[in-house]
2 protein chains.
Amino acid sequence: MVAKLNSQWIVGFVDGEGCFYVGVIKNKTMTNGYQIQPEFTVVQHKRDIQLLHALKAYFNCGSVTVNHGDRYQWRVKNLDNFVNIIIPFFEKHKLKGKRGIEFQRFREICLLMKSGYHLTPDGFEICIEKAKNLRVKS
Amino acid sequence: MVAKLNSQWIVGFVDGEGCFYVGVIKNKTMTNGYQIQPEFTVVQHKRDIQLLHALKAYFNCGSVTVNHGDRYQWRVKNLDNFVNIIIPFFEKHKLKGKRGIEFQRFREICLLMKSGYHLTPDGFEICIEKAKNLRVKS
């Protein structure tokens, strides 16, 4: 059975376990030779895989797959799902930890990408730079 | 500033980051030569130490100390704080992951200890056995 989740529970869980990340991946088919790939991931030991399915069901997007060894992940990679689902959720329900700052940076990159700005040479460089500086180290 | 926490946020955060643990420590001053020590810990990188202080303020117990390197912990060790504060909270606000099973086992040990059962030879052995089997492995 998939547990029903509460919005504040999700915020607490993501403050602990969530990861907003923007990868820069070599891809010859792209104009700049690189693809910018936003990802939102929650990783759990397989004992709690049902929580990942519950997150997937709540947001109705992403997929649950193996992360590494006994660890599984719920991962969202689709830009429209960020713009339409994930970002509005965390705009409404604020993260309390430094994860909230990372979310704001992640959000900014996703919205720039949605506008197509990353397809211009300047926009591409700016998005790459923002992606590199997403993590809050201290 | 210490963030104000919501009960469901706390449940989500503890489902991700909390640890219920019962240590068995050599202690010559104890009748059986061992001390049974329940602990509830939440560990965070120092960047989010304010979340640990917020938990301490919410529950009004425990202390925030260094865990290891850049990691800090909010830890509760006092049996009366478990019986009067932590256990009632998680009885009212159910954990959703396997952490909830660990909490039930932890709760049982704390209540046995509160009754003084662990001070009898049988009770001591039973508490030790329950402590060993607290973790849900899969």
# chains A, B, ... in the order shown; residues from 1 in each chain; ligands from 1
>>> interface_residues(of="chain A", to="chain B", cutoff="12 Å", atoms="only C-alpha atoms", output="MDAnalysis selection string")
chainID A and resid 1:18 42:55 70:71 93:101 135:138
>>> select_by_dssp(residues="chain A", states="strand (DSSP E)", output="PyMOL selection string")
chain A and resi 18-26+34-45+63-68+71-76
>>> write_last_selection(atoms="N, CA and C atoms", output="compact mmCIF listing (two decimals), in the first residue's frame")
# COMPACT_ATOMS: atom_id res chain seq x y z
N GLY A 18 16.27 15.15 0.27
CA GLY A 18 16.16 15.53 -1.14
C GLY A 18 17.44 16.09 -1.70
N CYS A 19 17.55 16.08 -3.03
CA CYS A 19 18.72 16.65 -3.68
C CYS A 19 18.31 17.33 -4.99
N PHE A 20 18.52 18.64 -5.04
CA PHE A 20 18.33 19.38 -6.29
C PHE A 20 19.70 19.49 -6.96
N TYR A 21 19.75 19.13 -8.23
CA TYR A 21 21.05 19.05 -8.90
C TYR A 21 20.85 19.41 -10.37
N VAL A 22 21.82 20.11 -10.92
CA VAL A 22 21.78 20.37 -12.37
C VAL A 22 23.06 19.85 -12.97
N GLY A 23 22.94 18.78 -13.74
CA GLY A 23 24.10 18.15 -14.38
C GLY A 23 24.41 18.83 -15.70
N VAL A 24 25.69 18.81 -16.07
CA VAL A 24 26.12 19.29 -17.39
C VAL A 24 26.78 18.11 -18.07
N ILE A 25 26.12 17.62 -19.11
CA ILE A 25 26.50 16.33 -19.71
C ILE A 25 26.92 16.55 -21.16
N LYS A 26 28.03 15.95 -21.56
CA LYS A 26 28.45 16.00 -22.97
C LYS A 26 27.37 15.38 -23.84
N TYR A 34 26.91 20.30 -25.17
CA TYR A 34 26.57 19.89 -23.80
C TYR A 34 25.06 20.01 -23.57
N GLN A 35 24.59 19.14 -22.69
CA GLN A 35 23.18 19.20 -22.30
C GLN A 35 23.11 19.61 -20.83
N ILE A 36 22.20 20.51 -20.51
CA ILE A 36 21.98 20.91 -19.12
C ILE A 36 20.79 20.11 -18.60
N GLN A 37 21.00 19.36 -17.54
CA GLN A 37 19.98 18.41 -17.08
C GLN A 37 19.64 18.62 -15.60
N PRO A 38 18.53 19.29 -15.32
CA PRO A 38 18.10 19.41 -13.92
C PRO A 38 17.53 18.08 -13.42
N GLU A 39 17.83 17.77 -12.17
CA GLU A 39 17.32 16.54 -11.55
C GLU A 39 16.91 16.83 -10.11
N PHE A 40 15.83 16.22 -9.70
CA PHE A 40 15.45 16.25 -8.29
C PHE A 40 15.35 14.79 -7.84
N THR A 41 16.11 14.45 -6.80
CA THR A 41 16.22 13.06 -6.40
C THR A 41 16.01 12.91 -4.90
N VAL A 42 15.30 11.87 -4.52
CA VAL A 42 15.23 11.46 -3.11
C VAL A 42 15.69 10.01 -3.05
N VAL A 43 16.71 9.75 -2.25
CA VAL A 43 17.29 8.41 -2.16
C VAL A 43 16.92 7.78 -0.81
N GLN A 44 16.59 6.50 -0.83
CA GLN A 44 16.29 5.74 0.39
C GLN A 44 16.84 4.33 0.29
N HIS A 45 17.17 3.77 1.44
CA HIS A 45 17.45 2.33 1.48
C HIS A 45 16.20 1.59 1.03
N SER A 63 10.30 8.76 -11.62
CA SER A 63 10.32 7.30 -11.58
C SER A 63 11.18 6.80 -10.42
N VAL A 64 10.87 5.59 -9.97
CA VAL A 64 11.61 4.96 -8.88
C VAL A 64 12.53 3.91 -9.48
N THR A 65 13.82 4.06 -9.26
CA THR A 65 14.81 3.15 -9.85
C THR A 65 15.93 2.88 -8.83
N VAL A 66 16.79 1.92 -9.17
CA VAL A 66 17.96 1.65 -8.32
C VAL A 66 18.90 2.85 -8.37
N ASN A 67 19.40 3.25 -7.20
CA ASN A 67 20.42 4.29 -7.13
C ASN A 67 21.80 3.63 -7.09
N HIS A 68 22.03 2.86 -6.05
CA HIS A 68 23.32 2.18 -5.90
C HIS A 68 23.16 1.08 -4.85
N ARG A 71 20.23 0.88 -2.37
CA ARG A 71 19.57 2.19 -2.30
C ARG A 71 18.78 2.45 -3.57
N TYR A 72 17.59 3.01 -3.37
CA TYR A 72 16.71 3.35 -4.49
C TYR A 72 16.48 4.86 -4.52
N GLN A 73 16.02 5.33 -5.66
CA GLN A 73 15.77 6.76 -5.79
C GLN A 73 14.43 7.01 -6.48
N TRP A 74 13.79 8.09 -6.07
CA TRP A 74 12.71 8.67 -6.86
C TRP A 74 13.34 9.87 -7.54
N ARG A 75 13.25 9.91 -8.87
CA ARG A 75 13.95 10.97 -9.59
C ARG A 75 13.03 11.61 -10.63
N VAL A 76 13.06 12.93 -10.65
CA VAL A 76 12.32 13.70 -11.66
C VAL A 76 13.37 14.39 -12.53
>>> atom_distance(atom1="atom CA of B:Leu112", atom2="atom CA of B:Asn81")
14.6 Å
>>> calpha_fit_and_write(fixed="chain A", moving="chain B", output="short mmCIF file (atom, residue, chain, number, x, y, z; two decimals) with N, CA and C atoms, in the first residue's frame")
data_model
loop_
_atom_site.label_atom_id
_atom_site.label_comp_id
_atom_site.auth_asym_id
_atom_site.auth_seq_id
_atom_site.Cartn_x
_atom_site.Cartn_y
_atom_site.Cartn_z
N MET B 1 0.79 -1.23 -0.04
CA MET B 1 -0.04 -0.03 -0.01
C MET B 1 0.86 1.21 -0.01
N VAL B 2 0.49 2.20 -0.81
CA VAL B 2 1.26 3.45 -0.85
C VAL B 2 0.71 4.40 0.21
N ALA B 3 1.62 4.86 1.11
CA ALA B 3 1.21 5.79 2.18
C ALA B 3 0.72 7.10 1.57
N LYS B 4 -0.29 7.70 2.20
CA LYS B 4 -0.73 9.04 1.79
C LYS B 4 0.18 10.05 2.47
N LEU B 5 0.64 11.00 1.71
CA LEU B 5 1.59 11.96 2.27
C LEU B 5 0.94 13.31 2.53
N ASN B 6 1.51 14.00 3.50
CA ASN B 6 1.09 15.34 3.88
C ASN B 6 2.15 16.32 3.36
N SER B 7 1.73 17.50 2.91
CA SER B 7 2.68 18.44 2.29
C SER B 7 3.84 18.79 3.24
N GLN B 8 3.53 19.02 4.52
CA GLN B 8 4.61 19.38 5.46
C GLN B 8 5.53 18.20 5.75
N TRP B 9 4.96 17.01 5.74
CA TRP B 9 5.81 15.82 5.88
C TRP B 9 6.81 15.78 4.72
N ILE B 10 6.32 16.04 3.51
CA ILE B 10 7.18 16.02 2.33
C ILE B 10 8.30 17.05 2.47
N VAL B 11 7.95 18.26 2.94
CA VAL B 11 8.97 19.30 3.10
C VAL B 11 10.04 18.84 4.09
N GLY B 12 9.61 18.27 5.21
CA GLY B 12 10.58 17.79 6.20
C GLY B 12 11.46 16.68 5.64
N PHE B 13 10.83 15.78 4.90
CA PHE B 13 11.57 14.64 4.33
C PHE B 13 12.59 15.14 3.30
N VAL B 14 12.17 16.09 2.48
CA VAL B 14 13.07 16.63 1.44
C VAL B 14 14.15 17.52 2.07
N ASP B 15 13.83 18.23 3.15
CA ASP B 15 14.89 18.96 3.85
C ASP B 15 15.99 18.01 4.29
N GLY B 16 15.59 16.79 4.66
CA GLY B 16 16.58 15.81 5.07
C GLY B 16 17.21 15.06 3.91
N GLU B 17 16.38 14.58 2.99
CA GLU B 17 16.82 13.56 2.04
C GLU B 17 16.82 13.98 0.58
N GLY B 18 16.28 15.15 0.27
CA GLY B 18 16.16 15.54 -1.13
C GLY B 18 17.45 16.10 -1.70
N CYS B 19 17.55 16.08 -3.02
CA CYS B 19 18.73 16.66 -3.68
C CYS B 19 18.31 17.34 -4.99
N PHE B 20 18.53 18.65 -5.06
CA PHE B 20 18.34 19.39 -6.30
C PHE B 20 19.71 19.49 -6.96
N TYR B 21 19.75 19.15 -8.23
CA TYR B 21 21.05 19.05 -8.90
C TYR B 21 20.85 19.41 -10.37
N VAL B 22 21.83 20.10 -10.93
CA VAL B 22 21.78 20.37 -12.38
C VAL B 22 23.07 19.84 -13.00
N GLY B 23 22.95 18.78 -13.76
CA GLY B 23 24.10 18.18 -14.39
C GLY B 23 24.42 18.85 -15.72
N VAL B 24 25.69 18.82 -16.08
CA VAL B 24 26.12 19.31 -17.40
C VAL B 24 26.79 18.12 -18.09
N ILE B 25 26.14 17.62 -19.13
CA ILE B 25 26.51 16.34 -19.73
C ILE B 25 26.93 16.56 -21.17
N LYS B 26 28.04 15.94 -21.57
CA LYS B 26 28.45 16.01 -22.99
C LYS B 26 27.39 15.37 -23.87
N ASN B 27 27.00 16.07 -24.91
CA ASN B 27 25.98 15.53 -25.83
C ASN B 27 26.18 16.18 -27.20
N LYS B 28 26.73 15.39 -28.13
CA LYS B 28 27.10 15.92 -29.45
C LYS B 28 25.92 16.44 -30.24
N THR B 29 24.73 15.96 -29.90
CA THR B 29 23.56 16.40 -30.68
C THR B 29 23.11 17.81 -30.29
N MET B 30 23.64 18.34 -29.17
CA MET B 30 23.22 19.67 -28.72
C MET B 30 24.10 20.74 -29.38
N THR B 31 23.53 21.94 -29.58
CA THR B 31 24.22 23.05 -30.24
C THR B 31 25.57 23.34 -29.61
N ASN B 32 25.60 23.37 -28.27
CA ASN B 32 26.84 23.72 -27.56
C ASN B 32 27.70 22.50 -27.21
N GLY B 33 27.26 21.33 -27.63
CA GLY B 33 28.02 20.11 -27.32
C GLY B 33 27.74 19.60 -25.91
N TYR B 34 26.91 20.31 -25.16
CA TYR B 34 26.57 19.90 -23.80
C TYR B 34 25.07 20.02 -23.58
N GLN B 35 24.58 19.17 -22.71
CA GLN B 35 23.18 19.21 -22.31
C GLN B 35 23.12 19.61 -20.84
N ILE B 36 22.21 20.51 -20.53
CA ILE B 36 21.99 20.90 -19.13
C ILE B 36 20.80 20.10 -18.62
N GLN B 37 21.02 19.35 -17.55
CA GLN B 37 19.99 18.41 -17.08
C GLN B 37 19.64 18.61 -15.61
N PRO B 38 18.54 19.30 -15.32
CA PRO B 38 18.10 19.41 -13.92
C PRO B 38 17.54 18.08 -13.42
N GLU B 39 17.82 17.79 -12.16
CA GLU B 39 17.32 16.56 -11.55
C GLU B 39 16.91 16.83 -10.10
N PHE B 40 15.83 16.22 -9.70
CA PHE B 40 15.46 16.24 -8.29
C PHE B 40 15.36 14.80 -7.85
N THR B 41 16.11 14.45 -6.81
CA THR B 41 16.22 13.05 -6.39
C THR B 41 16.00 12.91 -4.89
N VAL B 42 15.31 11.87 -4.52
CA VAL B 42 15.24 11.46 -3.11
C VAL B 42 15.69 10.01 -3.06
N VAL B 43 16.71 9.75 -2.25
CA VAL B 43 17.29 8.41 -2.15
C VAL B 43 16.91 7.78 -0.80
N GLN B 44 16.58 6.49 -0.83
CA GLN B 44 16.29 5.74 0.40
C GLN B 44 16.83 4.33 0.29
N HIS B 45 17.17 3.76 1.44
CA HIS B 45 17.44 2.33 1.50
C HIS B 45 16.19 1.59 1.03
N LYS B 46 16.38 0.44 0.43
CA LYS B 46 15.24 -0.31 -0.14
C LYS B 46 14.15 -0.63 0.89
N ARG B 47 14.53 -0.65 2.17
CA ARG B 47 13.52 -0.95 3.20
C ARG B 47 12.37 0.06 3.16
N ASP B 48 12.66 1.28 2.67
CA ASP B 48 11.64 2.33 2.62
C ASP B 48 11.29 2.73 1.18
N ILE B 49 11.40 1.78 0.27
CA ILE B 49 11.08 2.07 -1.13
C ILE B 49 9.62 2.53 -1.26
N GLN B 50 8.74 2.09 -0.35
CA GLN B 50 7.32 2.51 -0.42
C GLN B 50 7.19 4.03 -0.25
N LEU B 51 8.12 4.67 0.47
CA LEU B 51 8.06 6.13 0.60
C LEU B 51 8.35 6.80 -0.74
N LEU B 52 9.25 6.20 -1.52
CA LEU B 52 9.58 6.75 -2.85
C LEU B 52 8.37 6.60 -3.78
N HIS B 53 7.70 5.47 -3.70
CA HIS B 53 6.49 5.28 -4.52
C HIS B 53 5.38 6.24 -4.07
N ALA B 54 5.34 6.52 -2.77
CA ALA B 54 4.34 7.47 -2.27
C ALA B 54 4.62 8.88 -2.79
N LEU B 55 5.89 9.26 -2.87
CA LEU B 55 6.25 10.57 -3.44
C LEU B 55 5.88 10.62 -4.92
N LYS B 56 6.22 9.57 -5.64
CA LYS B 56 5.88 9.50 -7.06
C LYS B 56 4.37 9.64 -7.25
N ALA B 57 3.60 8.95 -6.42
CA ALA B 57 2.14 9.00 -6.54
C ALA B 57 1.62 10.40 -6.18
N TYR B 58 2.20 11.01 -5.16
CA TYR B 58 1.75 12.34 -4.72
C TYR B 58 1.95 13.36 -5.85
N PHE B 59 3.14 13.35 -6.44
CA PHE B 59 3.46 14.35 -7.47
C PHE B 59 3.06 13.89 -8.87
N ASN B 60 2.78 12.60 -8.98
CA ASN B 60 2.39 12.03 -10.27
C ASN B 60 3.41 12.33 -11.37
N CYS B 61 4.68 12.17 -11.00
CA CYS B 61 5.76 12.32 -12.00
C CYS B 61 7.02 11.63 -11.48
N GLY B 62 8.01 11.51 -12.36
CA GLY B 62 9.28 10.90 -11.98
C GLY B 62 9.20 9.38 -12.00
N SER B 63 10.32 8.75 -11.61
CA SER B 63 10.33 7.29 -11.58
C SER B 63 11.18 6.80 -10.42
N VAL B 64 10.88 5.59 -9.97
CA VAL B 64 11.61 4.95 -8.87
C VAL B 64 12.53 3.90 -9.48
N THR B 65 13.84 4.05 -9.25
CA THR B 65 14.82 3.15 -9.85
C THR B 65 15.94 2.88 -8.83
N VAL B 66 16.80 1.92 -9.17
CA VAL B 66 17.96 1.64 -8.30
C VAL B 66 18.90 2.85 -8.35
N ASN B 67 19.40 3.25 -7.18
CA ASN B 67 20.42 4.29 -7.12
C ASN B 67 21.80 3.62 -7.08
N HIS B 68 22.04 2.84 -6.03
CA HIS B 68 23.33 2.16 -5.89
C HIS B 68 23.16 1.07 -4.84
N GLY B 69 23.48 -0.15 -5.17
CA GLY B 69 23.38 -1.26 -4.21
C GLY B 69 21.97 -1.40 -3.68
N ASP B 70 21.84 -1.28 -2.36
CA ASP B 70 20.54 -1.42 -1.69
C ASP B 70 19.74 -0.13 -1.67
N ARG B 71 20.22 0.88 -2.36
CA ARG B 71 19.57 2.19 -2.29
C ARG B 71 18.77 2.45 -3.56
N TYR B 72 17.59 3.01 -3.37
CA TYR B 72 16.70 3.34 -4.47
C TYR B 72 16.47 4.84 -4.51
N GLN B 73 16.01 5.33 -5.67
CA GLN B 73 15.76 6.77 -5.78
C GLN B 73 14.43 7.01 -6.48
N TRP B 74 13.78 8.08 -6.06
CA TRP B 74 12.70 8.66 -6.85
C TRP B 74 13.34 9.87 -7.53
N ARG B 75 13.27 9.91 -8.85
CA ARG B 75 13.95 10.97 -9.58
C ARG B 75 13.04 11.60 -10.62
N VAL B 76 13.05 12.93 -10.66
CA VAL B 76 12.33 13.70 -11.67
C VAL B 76 13.37 14.39 -12.54
N LYS B 77 13.20 14.30 -13.86
CA LYS B 77 14.17 14.89 -14.78
C LYS B 77 13.52 15.76 -15.84
N ASN B 78 12.19 15.73 -15.90
CA ASN B 78 11.50 16.41 -16.99
C ASN B 78 11.24 17.87 -16.65
N LEU B 79 11.70 18.77 -17.53
CA LEU B 79 11.62 20.21 -17.25
C LEU B 79 10.18 20.67 -17.02
N ASP B 80 9.26 20.17 -17.81
CA ASP B 80 7.86 20.58 -17.63
C ASP B 80 7.32 20.14 -16.26
N ASN B 81 7.76 18.98 -15.79
CA ASN B 81 7.33 18.54 -14.45
C ASN B 81 7.90 19.45 -13.36
N PHE B 82 9.12 19.96 -13.59
CA PHE B 82 9.66 20.93 -12.62
C PHE B 82 8.82 22.20 -12.63
N VAL B 83 8.61 22.72 -13.84
CA VAL B 83 7.92 24.02 -13.97
C VAL B 83 6.47 23.93 -13.48
N ASN B 84 5.81 22.83 -13.77
CA ASN B 84 4.37 22.74 -13.49
C ASN B 84 4.02 22.10 -12.14
N ILE B 85 4.93 21.30 -11.60
CA ILE B 85 4.57 20.50 -10.41
C ILE B 85 5.52 20.76 -9.23
N ILE B 86 6.81 20.45 -9.44
CA ILE B 86 7.76 20.45 -8.31
C ILE B 86 8.02 21.88 -7.82
N ILE B 87 8.29 22.79 -8.73
CA ILE B 87 8.59 24.18 -8.33
C ILE B 87 7.39 24.84 -7.64
N PRO B 88 6.19 24.76 -8.22
CA PRO B 88 5.05 25.36 -7.50
C PRO B 88 4.85 24.78 -6.10
N PHE B 89 5.10 23.47 -5.95
CA PHE B 89 4.92 22.86 -4.62
C PHE B 89 5.86 23.50 -3.60
N PHE B 90 7.16 23.62 -3.96
CA PHE B 90 8.13 24.14 -2.99
C PHE B 90 8.12 25.68 -2.90
N GLU B 91 7.46 26.32 -3.85
CA GLU B 91 7.19 27.76 -3.68
C GLU B 91 6.11 27.95 -2.62
N LYS B 92 5.13 27.06 -2.63
CA LYS B 92 4.03 27.16 -1.66
C LYS B 92 4.47 26.66 -0.28
N HIS B 93 5.22 25.55 -0.26
CA HIS B 93 5.62 24.92 1.00
C HIS B 93 7.13 25.06 1.15
N LYS B 94 7.54 26.05 1.89
CA LYS B 94 8.97 26.43 1.96
C LYS B 94 9.82 25.40 2.70
N LEU B 95 10.95 25.05 2.08
CA LEU B 95 11.96 24.25 2.76
C LEU B 95 12.58 25.09 3.87
N LYS B 96 12.97 24.44 4.98
CA LYS B 96 13.44 25.19 6.14
C LYS B 96 14.97 25.21 6.26
N GLY B 97 15.64 24.25 5.63
CA GLY B 97 17.10 24.19 5.74
C GLY B 97 17.77 24.88 4.56
N LYS B 98 19.09 24.67 4.45
CA LYS B 98 19.85 25.24 3.34
C LYS B 98 19.39 24.67 2.00
N ARG B 99 18.73 23.52 2.08
CA ARG B 99 18.10 22.94 0.87
C ARG B 99 17.19 23.97 0.19
N GLY B 100 16.60 24.87 0.98
CA GLY B 100 15.71 25.89 0.43
C GLY B 100 16.45 26.87 -0.48
N ILE B 101 17.70 27.18 -0.13
CA ILE B 101 18.52 28.06 -0.99
C ILE B 101 18.86 27.32 -2.28
N GLU B 102 19.21 26.05 -2.13
CA GLU B 102 19.52 25.24 -3.33
C GLU B 102 18.29 25.14 -4.23
N PHE B 103 17.13 24.99 -3.62
CA PHE B 103 15.90 24.96 -4.43
C PHE B 103 15.72 26.27 -5.20
N GLN B 104 15.97 27.41 -4.56
CA GLN B 104 15.81 28.70 -5.25
C GLN B 104 16.74 28.80 -6.46
N ARG B 105 17.97 28.33 -6.29
CA ARG B 105 18.94 28.35 -7.40
C ARG B 105 18.51 27.39 -8.51
N PHE B 106 18.05 26.24 -8.09
CA PHE B 106 17.56 25.23 -9.03
C PHE B 106 16.36 25.77 -9.82
N ARG B 107 15.44 26.39 -9.09
CA ARG B 107 14.24 26.98 -9.69
C ARG B 107 14.62 28.00 -10.76
N GLU B 108 15.60 28.84 -10.43
CA GLU B 108 16.01 29.90 -11.36
C GLU B 108 16.53 29.28 -12.67
N ILE B 109 17.35 28.24 -12.55
CA ILE B 109 17.89 27.58 -13.75
C ILE B 109 16.74 26.97 -14.57
N CYS B 110 15.83 26.29 -13.90
CA CYS B 110 14.70 25.66 -14.62
C CYS B 110 13.88 26.70 -15.37
N LEU B 111 13.63 27.85 -14.72
CA LEU B 111 12.80 28.86 -15.37
C LEU B 111 13.54 29.50 -16.54
N LEU B 112 14.86 29.70 -16.40
CA LEU B 112 15.66 30.19 -17.54
C LEU B 112 15.59 29.20 -18.69
N MET B 113 15.70 27.92 -18.34
CA MET B 113 15.67 26.89 -19.39
C MET B 113 14.29 26.85 -20.06
N LYS B 114 13.26 27.00 -19.26
CA LYS B 114 11.91 26.98 -19.83
C LYS B 114 11.72 28.12 -20.83
N SER B 115 12.40 29.26 -20.55
CA SER B 115 12.30 30.41 -21.45
C SER B 115 13.17 30.23 -22.70
N GLY B 116 14.01 29.18 -22.69
CA GLY B 116 14.88 28.93 -23.83
C GLY B 116 16.20 29.70 -23.78
N TYR B 117 16.42 30.42 -22.67
CA TYR B 117 17.62 31.27 -22.54
C TYR B 117 18.92 30.46 -22.68
N HIS B 118 18.90 29.22 -22.20
CA HIS B 118 20.12 28.38 -22.25
C HIS B 118 20.50 27.99 -23.67
N LEU B 119 19.61 28.26 -24.62
CA LEU B 119 19.92 27.92 -26.01
C LEU B 119 20.70 29.04 -26.70
N THR B 120 20.81 30.21 -26.06
CA THR B 120 21.67 31.30 -26.56
C THR B 120 23.06 31.10 -25.99
N PRO B 121 24.12 31.58 -26.66
CA PRO B 121 25.49 31.39 -26.13
C PRO B 121 25.65 32.00 -24.74
N ASP B 122 25.20 33.23 -24.52
CA ASP B 122 25.31 33.86 -23.20
C ASP B 122 24.51 33.08 -22.16
N GLY B 123 23.29 32.76 -22.52
CA GLY B 123 22.40 32.05 -21.59
C GLY B 123 22.97 30.71 -21.21
N PHE B 124 23.58 30.03 -22.15
CA PHE B 124 24.19 28.73 -21.89
C PHE B 124 25.28 28.86 -20.82
N GLU B 125 26.18 29.86 -21.03
CA GLU B 125 27.28 30.06 -20.06
C GLU B 125 26.74 30.40 -18.68
N ILE B 126 25.73 31.24 -18.64
CA ILE B 126 25.15 31.66 -17.35
C ILE B 126 24.50 30.47 -16.64
N CYS B 127 23.79 29.65 -17.39
CA CYS B 127 23.15 28.47 -16.78
C CYS B 127 24.20 27.50 -16.24
N ILE B 128 25.28 27.31 -17.00
CA ILE B 128 26.36 26.41 -16.56
C ILE B 128 26.96 26.93 -15.25
N GLU B 129 27.21 28.23 -15.20
CA GLU B 129 27.81 28.85 -14.02
C GLU B 129 26.87 28.69 -12.81
N LYS B 130 25.60 28.92 -13.03
CA LYS B 130 24.63 28.76 -11.93
C LYS B 130 24.55 27.30 -11.47
N ALA B 131 24.64 26.39 -12.42
CA ALA B 131 24.60 24.96 -12.08
C ALA B 131 25.79 24.58 -11.19
N LYS B 132 26.97 25.15 -11.53
CA LYS B 132 28.19 24.84 -10.76
C LYS B 132 28.08 25.34 -9.32
N ASN B 133 27.34 26.44 -9.14
CA ASN B 133 27.27 27.09 -7.83
C ASN B 133 25.97 26.81 -7.09
N LEU B 134 25.34 25.70 -7.42
CA LEU B 134 24.05 25.41 -6.79
C LEU B 134 24.19 24.98 -5.33
N ARG B 135 25.20 24.20 -5.04
CA ARG B 135 25.36 23.62 -3.70
C ARG B 135 25.71 24.67 -2.65
N VAL B 136 25.04 24.61 -1.49
CA VAL B 136 25.39 25.45 -0.34
C VAL B 136 26.36 24.64 0.53
N LYS B 137 27.59 25.11 0.62
CA LYS B 137 28.61 24.28 1.28
C LYS B 137 28.63 24.46 2.80
N SER B 138 28.30 25.66 3.28
CA SER B 138 28.32 25.85 4.74
C SER B 138 27.35 26.95 5.15
#
>>> select_by_dssp(residues="chain A", states="alpha helix (DSSP H)", output="PyMOL selection string")
chain A and resi 7-17+49-59+79-81+87-92+99-114+121-132
>>> decode(residues="stretch 78-116 of chain A", atoms="C-alpha atoms", output="compact mmCIF listing (two decimals), in the first residue's frame")
# COMPACT_ATOMS: atom_id res chain seq x y z
CA ASN A 78 11.49 16.42 -16.99
CA LEU A 79 11.62 20.21 -17.25
CA ASP A 80 7.85 20.58 -17.63
CA ASN A 81 7.34 18.55 -14.46
CA PHE A 82 9.66 20.93 -12.62
CA VAL A 83 7.92 24.02 -13.97
CA ASN A 84 4.37 22.75 -13.50
CA ILE A 85 4.57 20.51 -10.41
CA ILE A 86 7.77 20.46 -8.32
CA ILE A 87 8.61 24.17 -8.34
CA PRO A 88 5.05 25.37 -7.50
CA PHE A 89 4.92 22.86 -4.62
CA PHE A 90 8.12 24.13 -2.99
CA GLU A 91 7.18 27.75 -3.69
CA LYS A 92 4.04 27.16 -1.68
CA HIS A 93 5.62 24.92 1.00
CA LYS A 94 8.97 26.44 1.95
CA LEU A 95 11.96 24.25 2.76
CA LYS A 96 13.45 25.17 6.14
CA GLY A 97 17.10 24.17 5.73
CA LYS A 98 19.84 25.25 3.33
CA ARG A 99 18.10 22.95 0.86
CA GLY A 100 15.70 25.88 0.42
CA ILE A 101 18.50 28.06 -0.99
CA GLU A 102 19.51 25.24 -3.33
CA PHE A 103 15.89 24.97 -4.42
CA GLN A 104 15.80 28.71 -5.25
CA ARG A 105 18.93 28.35 -7.40
CA PHE A 106 17.54 25.21 -9.04
CA ARG A 107 14.23 26.99 -9.68
CA GLU A 108 16.00 29.90 -11.36
CA ILE A 109 17.89 27.58 -13.74
CA CYS A 110 14.70 25.65 -14.61
CA LEU A 111 12.79 28.86 -15.37
CA LEU A 112 15.65 30.19 -17.53
CA MET A 113 15.67 26.89 -19.39
CA LYS A 114 11.90 26.98 -19.83
CA SER A 115 12.30 30.42 -21.45
CA GLY A 116 14.90 28.93 -23.83
